[in-house]
>>> print(open('data_32.cif').read())   # mmCIF, C-alpha atoms (C1' of nucleotides)
data_model
#
loop_
_atom_site.label_atom_id
_atom_site.label_comp_id
_atom_site.auth_asym_id
_atom_site.auth_seq_id
_atom_site.Cartn_x
_atom_site.Cartn_y
_atom_site.Cartn_z
CA MET A 11 21.90 91.12 123.31
CA ARG A 12 24.72 88.62 123.80
CA ARG A 13 27.72 87.81 121.63
CA LYS A 14 28.64 84.25 122.62
CA LEU A 15 25.94 81.76 121.71
CA THR A 16 25.50 78.07 122.36
CA PRO A 17 24.27 75.88 119.47
CA ARG A 18 20.74 76.22 120.81
CA GLY A 19 21.13 79.99 120.83
CA ARG A 20 22.44 80.06 117.30
CA GLU A 21 19.39 78.18 116.14
CA ARG A 22 17.03 80.63 117.83
CA ARG A 23 18.84 83.50 116.18
CA GLU A 24 18.41 81.90 112.80
CA GLN A 25 14.73 81.23 113.50
CA LEU A 26 14.23 84.89 114.28
CA MET A 27 15.98 86.00 111.12
CA THR A 28 14.07 83.60 108.89
CA CYS A 29 10.76 84.49 110.46
CA ALA A 30 11.44 88.22 110.29
CA ALA A 31 12.51 87.96 106.66
CA ARG A 32 9.22 86.31 105.78
CA LEU A 33 7.16 88.94 107.61
CA PHE A 34 9.18 91.87 106.25
CA ALA A 35 8.67 90.54 102.74
CA GLU A 36 4.95 90.01 103.23
CA ARG A 37 4.01 93.20 105.04
CA GLY A 38 7.00 95.49 104.85
CA TYR A 39 9.56 96.52 107.43
CA HIS A 40 7.81 99.38 109.22
CA PRO A 41 4.40 97.73 109.40
CA THR A 42 5.94 94.60 110.92
CA SER A 43 6.47 95.11 114.64
CA VAL A 44 8.88 93.26 116.87
CA ALA A 45 5.79 91.97 118.66
CA ASP A 46 4.62 90.43 115.37
CA ILE A 47 7.91 88.65 114.88
CA VAL A 48 8.08 87.08 118.32
CA ALA A 49 4.37 86.24 118.21
CA ALA A 50 4.85 84.38 114.93
CA LEU A 51 7.48 82.31 116.67
CA GLY A 52 5.42 81.92 119.81
CA VAL A 53 8.03 83.34 122.16
CA GLY A 54 8.30 86.34 124.46
CA LYS A 55 9.53 89.74 123.40
CA GLY A 56 12.68 89.49 125.47
CA VAL A 57 13.93 86.73 123.19
CA PHE A 58 14.26 89.21 120.36
CA TYR A 59 16.34 91.63 122.36
CA TRP A 60 18.49 88.82 123.69
CA TYR A 61 19.73 88.15 120.15
CA PHE A 62 19.49 91.57 118.53
CA ALA A 63 20.20 95.05 119.82
CA SER A 64 17.36 96.52 117.80
CA LYS A 65 14.93 95.90 114.96
CA GLU A 66 17.25 97.99 112.82
CA GLU A 67 20.21 95.73 113.54
CA LEU A 68 18.19 92.69 112.57
CA LEU A 69 17.47 94.05 109.11
CA THR A 70 21.08 95.06 108.64
CA GLU A 71 22.17 91.53 109.52
CA LEU A 72 19.58 90.15 107.14
CA LEU A 73 20.92 92.28 104.29
CA LYS A 74 24.51 91.37 104.94
CA ALA A 75 23.84 87.66 105.29
CA SER A 76 21.72 87.44 102.14
CA ASN A 77 24.24 89.32 100.07
CA HIS A 78 27.03 87.11 101.33
CA ASP A 79 25.05 84.05 100.31
CA LEU A 80 24.21 85.38 96.84
CA ARG A 81 27.79 86.34 96.20
CA LYS A 82 29.00 82.91 97.21
CA ARG A 83 26.65 81.39 94.69
CA GLN A 84 27.79 83.71 91.91
CA GLN A 85 31.44 82.99 92.55
CA HIS A 86 30.83 79.29 92.65
CA ALA A 87 29.02 79.53 89.30
CA ILE A 88 31.81 81.29 87.43
CA GLU A 89 34.62 79.39 89.12
CA GLY A 90 37.12 78.11 86.58
CA VAL A 91 35.57 79.86 83.58
CA ALA A 92 37.97 82.15 81.77
CA ASP A 93 35.85 83.71 79.03
CA PRO A 94 34.56 87.11 80.24
CA VAL A 95 31.30 86.97 78.28
CA GLU A 96 30.57 83.53 79.62
CA ARG A 97 31.36 84.67 83.15
CA ILE A 98 28.80 87.46 82.82
CA GLU A 99 26.24 85.02 81.50
CA LEU A 100 26.82 82.52 84.31
CA GLY A 101 26.70 85.30 86.88
CA ILE A 102 23.31 86.42 85.58
CA ARG A 103 21.94 82.89 85.68
CA ALA A 104 23.26 82.32 89.19
CA THR A 105 21.63 85.53 90.38
CA LEU A 106 18.25 84.57 88.97
CA ALA A 107 18.51 81.09 90.43
CA TRP A 108 19.36 82.46 93.85
CA PHE A 109 16.42 84.85 93.92
CA ALA A 110 14.13 82.06 92.80
CA GLN A 111 15.14 80.20 95.95
CA HIS A 112 15.00 83.25 98.21
CA ARG A 113 12.02 85.17 96.98
CA GLU A 114 11.51 86.94 100.30
CA TYR A 115 14.68 88.91 99.90
CA PHE A 116 13.67 90.74 96.76
CA ALA A 117 11.01 92.81 98.53
CA ILE A 118 13.26 93.36 101.53
CA ILE A 119 16.16 94.62 99.45
CA GLN A 120 13.88 96.86 97.46
CA PHE A 121 12.56 98.43 100.66
CA ALA A 122 16.00 98.82 102.17
CA ALA A 123 17.06 100.82 99.13
CA THR A 124 14.43 103.45 99.98
CA ASP A 125 15.37 103.92 103.62
CA GLU A 126 18.36 106.08 104.33
CA THR A 127 19.20 103.95 107.35
CA PHE A 128 19.82 100.86 105.24
CA ALA A 129 20.74 102.37 101.91
CA PRO A 130 24.45 102.49 102.82
CA VAL A 131 24.59 98.73 103.45
CA LEU A 132 22.86 98.09 100.17
CA ALA A 133 24.97 100.60 98.31
CA ARG A 134 28.06 98.76 99.45
CA ASN A 135 26.64 95.42 98.33
CA ARG A 136 25.78 96.85 94.95
CA GLU A 137 29.17 98.48 94.53
CA ILE A 138 30.90 95.16 95.03
CA SER A 139 28.66 93.46 92.55
CA ILE A 140 29.07 96.25 90.00
CA ALA A 141 32.83 96.11 90.45
CA ASP A 142 32.76 92.39 89.66
CA THR A 143 30.78 93.00 86.51
CA ILE A 144 33.03 95.86 85.45
CA ARG A 145 36.04 93.57 85.64
CA HIS A 146 34.50 91.10 83.22
CA LEU A 147 33.33 93.88 80.94
CA LYS A 148 36.82 95.38 80.73
CA ASP A 149 38.24 91.99 79.86
CA GLY A 150 35.66 91.66 77.11
CA ILE A 151 36.36 95.15 75.79
CA VAL A 152 40.07 94.41 75.58
CA ASP A 153 39.27 91.24 73.67
CA GLY A 154 37.13 93.30 71.32
CA ARG A 155 34.10 91.15 72.12
CA ILE A 156 32.24 93.85 74.03
CA VAL A 157 31.39 97.32 72.78
CA ASP A 158 33.81 100.00 73.96
CA ARG A 159 31.59 102.08 76.22
CA ASP A 160 31.86 103.18 79.85
CA PRO A 161 32.01 99.81 81.67
CA GLU A 162 30.40 101.25 84.80
CA LEU A 163 27.30 102.36 82.95
CA LEU A 164 27.17 99.06 81.07
CA ALA A 165 27.36 97.20 84.36
CA HIS A 166 24.44 99.21 85.71
CA ALA A 167 22.47 98.51 82.56
CA ILE A 168 22.95 94.77 83.00
CA HIS A 169 21.98 95.01 86.65
CA GLY A 170 18.86 96.87 85.66
CA VAL A 171 17.79 94.22 83.19
CA VAL A 172 18.41 91.44 85.68
CA ALA A 173 16.67 93.25 88.55
CA GLU A 174 13.55 94.13 86.61
CA LEU A 175 13.18 90.76 84.92
CA THR A 176 13.79 89.01 88.24
CA ARG A 177 11.05 91.11 89.80
CA HIS A 178 8.72 90.33 86.93
CA ALA A 179 9.45 86.62 87.03
CA LEU A 180 8.95 86.43 90.80
CA ILE A 181 5.68 88.33 90.81
CA GLU A 182 4.14 86.82 87.69
CA GLY A 183 4.50 83.26 88.85
CA ASP A 184 3.73 81.81 85.45
CA VAL A 185 6.88 82.92 83.65
CA PRO A 186 9.38 80.04 83.48
CA LEU A 187 12.64 81.05 85.06
CA ASP A 188 14.83 79.52 82.38
CA GLU A 189 13.15 81.56 79.72
CA VAL A 190 13.68 84.74 81.70
CA ALA A 191 17.33 83.93 82.28
CA GLU A 192 17.66 83.26 78.58
CA LEU A 193 16.27 86.65 77.69
CA CYS A 194 18.36 88.46 80.31
CA VAL A 195 21.47 87.05 78.71
CA ALA A 196 20.33 87.55 75.13
CA PHE A 197 19.18 91.12 75.75
CA SER A 198 22.34 92.03 77.56
CA LEU A 199 24.48 90.62 74.78
CA GLU A 200 22.54 91.70 71.72
CA GLY A 201 19.87 94.21 72.79
CA LEU A 202 16.86 94.58 70.57
CA HIS A 203 18.83 94.11 67.39
CA ALA A 204 17.25 91.73 64.89
CA MET B 26 -11.88 116.47 103.67
CA ARG B 27 -13.91 118.46 101.13
CA ARG B 28 -14.43 117.87 97.45
CA LYS B 29 -15.22 121.35 96.06
CA LEU B 30 -12.27 123.68 96.28
CA THR B 31 -11.86 127.36 95.53
CA PRO B 32 -8.70 128.48 93.72
CA ARG B 33 -7.18 129.26 97.11
CA GLY B 34 -8.01 125.75 98.26
CA ARG B 35 -6.52 124.17 95.18
CA GLU B 36 -3.28 125.98 95.82
CA ARG B 37 -3.10 124.77 99.43
CA ARG B 38 -3.70 121.22 98.23
CA GLU B 39 -0.84 121.54 95.79
CA GLN B 40 1.42 123.00 98.48
CA LEU B 41 0.69 120.00 100.68
CA MET B 42 1.43 117.56 97.90
CA THR B 43 4.67 119.25 96.89
CA CYS B 44 5.83 119.53 100.46
CA ALA B 45 4.91 115.95 101.29
CA ALA B 46 6.64 114.68 98.15
CA ARG B 47 9.83 116.39 99.22
CA LEU B 48 9.69 114.98 102.74
CA PHE B 49 8.75 111.49 101.61
CA ALA B 50 11.69 111.49 99.22
CA GLU B 51 14.10 112.77 101.86
CA ARG B 52 13.08 110.65 104.83
CA GLY B 53 10.71 108.01 103.53
CA TYR B 54 6.97 107.60 103.83
CA HIS B 55 6.59 105.93 107.22
CA PRO B 56 9.18 108.04 109.02
CA THR B 57 7.52 111.24 107.77
CA SER B 58 4.54 112.06 109.97
CA VAL B 59 1.54 114.18 109.07
CA ALA B 60 2.74 116.51 111.81
CA ASP B 61 6.05 116.90 109.94
CA ILE B 62 4.26 117.82 106.75
CA VAL B 63 2.04 120.51 108.22
CA ALA B 64 4.89 121.83 110.35
CA ALA B 65 7.06 122.26 107.24
CA LEU B 66 4.27 124.37 105.79
CA GLY B 67 3.66 126.23 109.03
CA VAL B 68 -0.01 125.35 109.30
CA GLY B 69 -2.20 123.40 111.70
CA LYS B 70 -2.83 119.71 111.47
CA GLY B 71 -6.49 120.21 110.56
CA VAL B 72 -5.42 121.68 107.22
CA PHE B 73 -4.09 118.31 106.13
CA TYR B 74 -7.32 116.50 106.88
CA TRP B 75 -9.34 119.22 105.20
CA TYR B 76 -7.71 118.31 101.88
CA PHE B 77 -6.97 114.60 102.31
CA ALA B 78 -8.87 111.79 103.94
CA SER B 79 -5.68 110.16 105.14
CA LYS B 80 -1.93 110.08 104.77
CA GLU B 81 -2.44 107.02 102.60
CA GLU B 82 -4.72 108.87 100.20
CA LEU B 83 -2.15 111.62 99.84
CA LEU B 84 0.52 109.21 98.63
CA THR B 85 -1.91 107.54 96.26
CA GLU B 86 -2.76 110.93 94.77
CA LEU B 87 0.92 111.72 94.51
CA LEU B 88 1.58 108.52 92.58
CA LYS B 89 -1.33 109.03 90.22
CA ALA B 90 -0.53 112.67 89.53
CA SER B 91 3.16 112.04 88.89
CA ASN B 92 2.47 109.16 86.55
CA HIS B 93 -0.04 111.24 84.65
CA ASP B 94 2.52 113.95 84.21
CA LEU B 95 5.27 111.60 83.07
CA ARG B 96 2.98 109.93 80.60
CA LYS B 97 1.95 113.26 79.15
CA ARG B 98 5.58 114.09 78.57
CA GLN B 99 6.28 110.76 76.90
CA GLN B 100 3.33 111.10 74.57
CA HIS B 101 4.28 114.63 73.67
CA ALA B 102 7.80 113.46 72.85
CA ILE B 103 6.78 110.72 70.42
CA GLU B 104 3.92 112.68 68.90
CA GLY B 105 4.00 112.53 65.12
CA VAL B 106 6.88 110.05 64.91
CA ALA B 107 6.01 106.92 62.98
CA ASP B 108 9.16 104.80 63.23
CA PRO B 109 8.78 102.33 66.13
CA VAL B 110 12.47 102.22 67.05
CA GLU B 111 12.61 105.98 67.11
CA ARG B 112 9.48 106.10 69.27
CA ILE B 113 11.12 103.82 71.81
CA GLU B 114 14.23 105.96 71.79
CA LEU B 115 12.30 109.20 72.26
CA GLY B 116 10.23 107.62 75.03
CA ILE B 117 13.37 106.63 76.90
CA ARG B 118 14.83 110.11 76.58
CA ALA B 119 11.59 111.73 77.71
CA THR B 120 11.48 109.48 80.77
CA LEU B 121 15.01 110.35 81.79
CA ALA B 122 14.37 114.04 81.25
CA TRP B 123 11.22 113.91 83.37
CA PHE B 124 12.94 112.21 86.29
CA ALA B 125 15.78 114.70 86.08
CA GLN B 126 13.20 117.42 86.70
CA HIS B 127 11.28 115.48 89.36
CA ARG B 128 13.99 113.72 91.31
CA GLU B 129 11.81 113.42 94.44
CA TYR B 130 9.53 110.95 92.77
CA PHE B 131 12.12 108.29 92.13
CA ALA B 132 12.52 107.46 95.82
CA ILE B 133 8.79 107.71 96.41
CA ILE B 134 7.92 105.32 93.61
CA GLN B 135 10.57 102.90 94.73
CA PHE B 136 9.14 102.84 98.23
CA ALA B 137 5.56 102.51 97.01
CA ALA B 138 6.56 99.38 95.11
CA THR B 139 7.49 97.72 98.39
CA ASP B 140 4.26 98.47 100.26
CA GLU B 141 1.30 96.29 99.48
CA THR B 142 -1.03 99.23 100.05
CA PHE B 143 0.42 101.18 97.14
CA ALA B 144 1.79 98.42 94.95
CA PRO B 145 -1.52 98.09 93.06
CA VAL B 146 -1.48 101.74 91.97
CA LEU B 147 2.08 101.37 90.83
CA ALA B 148 1.44 98.05 89.14
CA ARG B 149 -1.29 99.70 87.10
CA ASN B 150 1.00 102.56 86.11
CA ARG B 151 3.68 100.14 85.06
CA GLU B 152 1.27 97.98 83.09
CA ILE B 153 0.18 100.94 81.04
CA SER B 154 3.74 101.94 80.34
CA ILE B 155 4.73 98.37 79.47
CA ALA B 156 1.75 98.10 77.17
CA ASP B 157 2.89 101.23 75.31
CA THR B 158 6.35 99.81 74.88
CA ILE B 159 5.00 96.46 73.74
CA ARG B 160 3.06 98.16 70.97
CA HIS B 161 6.18 99.77 69.57
CA LEU B 162 8.13 96.55 69.93
CA LYS B 163 5.53 94.58 68.00
CA ASP B 164 5.62 97.16 65.21
CA GLY B 165 9.38 96.82 65.11
CA ILE B 166 9.23 93.04 65.09
CA VAL B 167 6.80 93.07 62.16
CA ASP B 168 9.16 95.40 60.32
CA GLY B 169 11.97 92.97 61.03
CA ARG B 170 13.96 95.68 62.79
CA ILE B 171 13.59 94.19 66.25
CA VAL B 172 14.55 90.69 67.33
CA ASP B 173 11.58 88.31 67.41
CA ARG B 174 11.35 87.57 71.14
CA ASP B 175 8.54 87.86 73.69
CA PRO B 176 7.70 91.59 73.51
CA GLU B 177 6.53 91.67 77.10
CA LEU B 178 9.85 90.45 78.45
CA LEU B 179 11.70 92.78 76.11
CA ALA B 180 9.63 95.68 77.39
CA HIS B 181 10.51 94.79 80.97
CA ALA B 182 14.16 94.55 80.04
CA ILE B 183 14.08 98.07 78.59
CA HIS B 184 12.30 99.36 81.67
CA GLY B 185 14.95 97.75 83.84
CA VAL B 186 17.78 99.44 81.99
CA VAL B 187 16.07 102.81 82.14
CA ALA B 188 15.13 102.48 85.82
CA GLU B 189 18.54 101.42 87.01
CA LEU B 190 20.47 103.94 84.94
CA THR B 191 18.06 106.68 85.99
CA ARG B 192 18.65 105.76 89.62
CA HIS B 193 22.39 105.77 89.08
CA ALA B 194 22.35 109.10 87.26
CA LEU B 195 20.19 110.75 89.92
CA ILE B 196 22.25 109.52 92.85
CA GLU B 197 25.71 110.01 91.35
CA GLY B 198 25.22 113.65 90.53
CA ASP B 199 28.30 113.83 88.33
CA VAL B 200 27.05 111.65 85.47
CA PRO B 201 25.81 113.84 82.59
CA LEU B 202 22.23 112.98 81.77
CA ASP B 203 22.70 113.06 78.01
CA GLU B 204 25.40 110.45 78.21
CA VAL B 205 23.21 108.19 80.30
CA ALA B 206 20.29 108.59 77.91
CA GLU B 207 22.65 107.79 75.08
CA LEU B 208 23.75 104.58 76.70
CA CYS B 209 20.20 103.56 77.64
CA VAL B 210 19.25 103.78 74.00
CA ALA B 211 22.42 102.17 72.68
CA PHE B 212 22.30 99.32 75.17
CA SER B 213 18.63 98.67 74.52
CA LEU B 214 19.18 98.60 70.79
CA GLU B 215 22.50 96.77 70.56
CA GLY B 216 23.29 95.29 73.96
CA LEU B 217 26.93 94.56 74.72
CA HIS B 218 27.73 93.52 71.18
CA ALA B 219 30.90 95.05 69.78
"C1'" DC C 12 -24.38 143.73 107.53
"C1'" DC C 13 -25.61 139.30 108.06
"C1'" DG C 14 -25.62 134.18 106.86
"C1'" DT C 15 -23.27 130.63 104.63
"C1'" DT C 16 -19.55 128.31 102.98
"C1'" DT C 17 -14.74 127.53 102.94
"C1'" DG C 18 -10.72 127.16 105.37
"C1'" DT C 19 -7.86 126.89 109.86
"C1'" DT C 20 -6.50 126.00 114.60
"C1'" DG C 21 -4.28 123.04 118.05
"C1'" DA C 22 -5.54 120.41 122.09
"C1'" DC C 23 -6.79 115.96 122.45
"C1'" DC C 24 -7.44 110.73 121.89
"C1'" DG C 25 -6.68 105.73 121.71
"C1'" DA C 26 -3.62 102.70 119.72
"C1'" DG C 27 0.55 100.78 118.86
"C1'" DC C 28 5.33 101.22 118.67
"C1'" DG C 29 10.42 100.02 120.04
"C1'" DG C 30 12.66 98.94 123.89
"C1'" DT C 31 13.49 97.65 129.22
"C1'" DC C 32 13.85 94.75 133.08
"C1'" DA C 33 13.07 92.16 137.43
"C1'" DA C 34 11.97 87.76 137.93
"C1'" DG C 35 12.15 82.89 137.00
"C1'" DG C 36 13.08 78.35 134.45
"C1'" DG C 37 16.08 74.60 133.31
"C1'" DG C 38 20.11 72.13 131.61
"C1'" DA C 39 25.06 71.09 132.76
"C1'" DC C 40 28.36 70.20 135.92
"C1'" DG C 41 30.41 69.56 140.42
"C1'" DC D 11 21.68 68.59 145.79
"C1'" DG D 12 23.40 73.25 144.83
"C1'" DT D 13 24.78 76.71 141.80
"C1'" DC D 14 26.08 78.58 137.87
"C1'" DC D 15 24.70 80.82 133.45
"C1'" DC D 16 22.07 80.82 129.23
"C1'" DC D 17 17.76 81.76 127.95
"C1'" DT D 18 12.89 83.20 128.44
"C1'" DT D 19 8.90 85.69 130.17
"C1'" DG D 20 5.48 89.46 129.72
"C1'" DA D 21 4.08 93.49 132.20
"C1'" DC D 22 5.53 97.85 131.73
"C1'" DC D 23 7.38 102.57 130.03
"C1'" DG D 24 7.68 106.72 127.37
"C1'" DC D 25 6.64 108.30 123.22
"C1'" DT D 26 4.88 109.19 118.70
"C1'" DC D 27 1.61 108.25 115.49
"C1'" DG D 28 -2.68 108.97 112.48
"C1'" DG D 29 -6.80 110.94 113.05
"C1'" DT D 30 -10.84 113.89 115.42
"C1'" DC D 31 -13.26 117.89 116.65
"C1'" DA D 32 -15.36 122.07 118.65
"C1'" DA D 33 -14.38 126.49 118.01
"C1'" DC D 34 -13.11 130.16 115.27
"C1'" DA D 35 -11.46 133.30 111.18
"C1'" DA D 36 -11.98 134.98 106.42
"C1'" DA D 37 -14.21 135.43 102.19
"C1'" DC D 38 -18.31 135.96 99.65
"C1'" DG D 39 -22.92 136.48 97.96
"C1'" DG D 40 -27.14 138.77 98.70
#
>>> encode(input="data_32.cif", output="structure tokens")
Amino acid sequence: MRRKLTPRGRERREQLMTCAARLFAERGYHPTSVADIVAALGVGKGVFYWYFASKEELLTELLKASNHDLRKRQQHAIEGVADPVERIELGIRATLAWFAQHREYFAIIQFAATDETFAPVLARNREISIADTIRHLKDGIVDGRIVDRDPELLAHAIHGVVAELTRHALIEGDVPLDEVAELCVAFSLEGLHA
Amino acid sequence: MRRKLTPRGRERREQLMTCAARLFAERGYHPTSVADIVAALGVGKGVFYWYFASKEELLTELLKASNHDLRKRQQHAIEGVADPVERIELGIRATLAWFAQHREYFAIIQFAATDETFAPVLARNREISIADTIRHLKDGIVDGRIVDRDPELLAHAIHGVVAELTRHALIEGDVPLDEVAELCVAFSLEGLHA
DNA sequence: CCGTTTGTTGACCGAGCGGTCAAGGGGACG
DNA sequence: CGTCCCCTTGACCGCTCGGTCAACAAACGG
């Protein structure tokens, strides 16, 4: 494993990450061997360990990079919008749109949550995201537009709706994404109430 | 592996399942070896393969048995209640109460969802549960008490809220379960609306 | 008291894993 | 051309895994 990379090296590293992400998503982390990853790229095993210290480190990098990318997209989506309820809505839509473009990561993240080696990384990612949501919720509560309940629990509830409906939309290919996003927002704002 | 078991045999089988469930929850499925399981029980390796054809079969049995138990509890909870909204509420509370008593299974189920070997079993369990919820939702929609939106998506939304808040309540030990159940119900019924 | 069935043991096996490393290619630069 | 250094190779290592099996113990019915 080396730290300084030439442009060529940086590309290889990215190839490895992309390829590994696809395989992890398809077959799972443990069942995918390092040999599988390098074979899929048609290179020798040493290449892997030139760019990563271990299989474990690769997944950690994958989790960090994907979360960074998602977060960037969310922030870009709500940029310049003041209304807290609207910010929540735009955040939800951005999240769904991101996962639609990076389907592989859903399975990977879900696995990582079950493995105590990676759970900490994921927990940190989630905490940040929850904290963001809590901020908007508090603003909305102050404005009297959002029900006055524990913002942390509310934030988790929203995350739950988004996560499960994202999963459903990604697996059942026939559900139009817009419709799902619509319902995520509507359900979060109004619940089942007629 | 044998099919006919004496009472003594049935007890051993249960010991293995309980023990394995604990280890799977603590360390994960793949990282827990069959040797670990039998060692934790202080028996030889042959015992495992007397009761189960494979490690895979054990987890499948675990998933089926746990789902059967949860479902029994849900049905018992809503038994004799006619009102659809109330049935949904009682179902949610029963689910949370069951997971509070069987914490191990949350991690196990979450892992199983990420492994294509076990995903089908889990998908079937979920389908059944979603179908139950859909029935109540449709009743509520007919009554005009529930918003007229796609019941399937609504059912998934409810499941998402319950799953995520259950996870949060189980991991953050300090959140009182009643309060979480309360919010699950309130959020599902009214959303964020003030 | 013996035969049968049920349950248990732990050494053993082949396979596959994550990870190492000595050796060698090839582009850039003098 | 020589000589760096980045990158690549793939045989190899130690180890653990899921799973097998011949032998044996314990319980039970007759």
>>> residues_around(input="data_32.cif", residues="DC28 of chain C", least_positions_apart="5", cutoff="10 Å", atoms="all atoms listed in the file", output="VMD selection string")
(chain A and resid 40 to 41 43 to 45) or (chain D and resid 25 to 27)
>>> interface_residues(input="data_32.cif", of="chain C", to="chain B", cutoff="9 Å", atoms="all atoms listed in the file", output="PyMOL selection string")
chain C and resi 17-21
>>> write_last_selection(input="data_32.cif", atoms="C-alpha atoms (C1' of nucleotides)", output="PDB file, in the coordinates of the input")
ATOM      1  C1'  DT C  17     -14.740 127.530 102.940  1.00  0.00           C
ATOM      2  C1'  DG C  18     -10.720 127.160 105.370  1.00  0.00           C
ATOM      3  C1'  DT C  19      -7.860 126.890 109.860  1.00  0.00           C
ATOM      4  C1'  DT C  20      -6.500 126.000 114.600  1.00  0.00           C
ATOM      5  C1'  DG C  21      -4.280 123.040 118.050  1.00  0.00           C
TER       6       DG C  21
END
>>> interface_residues(input="data_32.cif", of="chain D", to="chain A", cutoff="7 Å", atoms="all atoms listed in the file", output="ChimeraX atom specification")
/D:18-20
>>> atom_distance(input="data_32.cif", atom1="atom CA of Thr139 of chain B", atom2="atom CA of Trp108 of chain A")
19.9 Å
>>> closest_atom_pairs(input="data_32.cif", of="chain A", to="chain B", cutoff="8 Å", atoms="all atoms listed in the file", output="Markdown table")
| residue | atom | partner | partner_atom | distance |
| --- | --- | --- | --- | --- |
| A:Arg37 | CA | B:Glu141 | CA | 6.9 |
| A:Gly38 | CA | B:Asp140 | CA | 6.1 |
| A:His40 | CA | B:His55 | CA | 7.0 |
| A:Ala117 | CA | B:Thr139 | CA | 6.0 |
| A:Ile118 | CA | B:Thr139 | CA | 7.9 |
| A:Gln120 | CA | B:Thr139 | CA | 6.5 |
| A:Phe121 | CA | B:Thr139 | CA | 5.6 |
| A:Thr124 | CA | B:Phe136 | CA | 5.6 |
| A:Asp125 | CA | B:Gly53 | CA | 6.2 |
| A:Glu126 | CA | B:Arg52 | CA | 7.0 |
| A:Gly154 | CA | B:Ala219 | CA | 6.7 |
| A:Arg155 | CA | B:Ala219 | CA | 5.6 |
| A:Ile156 | CA | B:Ala219 | CA | 4.6 |
| A:Val157 | CA | B:Ala219 | CA | 3.8 |
| A:Asp158 | CA | B:Ala219 | CA | 7.1 |
| A:Leu163 | CA | B:Leu190 | CA | 7.3 |
| A:Leu164 | CA | B:Phe212 | CA | 7.7 |
| A:His166 | CA | B:Leu190 | CA | 6.2 |
| A:Ala167 | CA | B:Val186 | CA | 4.8 |
| A:Ile168 | CA | B:Val186 | CA | 7.0 |
| A:His169 | CA | B:Glu189 | CA | 7.3 |
| A:Gly170 | CA | B:Gly185 | CA | 4.4 |
| A:Val171 | CA | B:Gly185 | CA | 4.6 |
| A:Val172 | CA | B:Gly185 | CA | 7.4 |
| A:Ala173 | CA | B:Gly185 | CA | 6.7 |
| A:Glu174 | CA | B:Gly185 | CA | 4.8 |
| A:Leu175 | CA | B:His181 | CA | 6.2 |
| A:His178 | CA | B:His181 | CA | 7.7 |
| A:Val190 | CA | B:Leu178 | CA | 7.6 |
| A:Leu193 | CA | B:Leu178 | CA | 7.5 |
| A:Cys194 | CA | B:Ala182 | CA | 7.4 |
| A:Phe197 | CA | B:Gly216 | CA | 6.1 |
| A:Ser198 | CA | B:Gly216 | CA | 4.9 |
| A:Leu199 | CA | B:Leu217 | CA | 4.6 |
| A:Glu200 | CA | B:Gly216 | CA | 4.3 |
| A:Gly201 | CA | B:Gly216 | CA | 3.8 |
| A:Leu202 | CA | B:Leu214 | CA | 4.6 |
| A:His203 | CA | B:Ile171 | CA | 5.4 |
| A:Ala204 | CA | B:Val172 | CA | 3.8 |
>>> atom_distance(input="data_32.cif", atom1="atom CA of Glu177 of chain B", atom2="atom CA of Ile159 of chain B")
6.0 Å
>>> atom_distance(input="data_32.cif", atom1="atom CA of Arg118 of chain B", atom2="atom CA of Asp203 of chain B")
8.5 Å
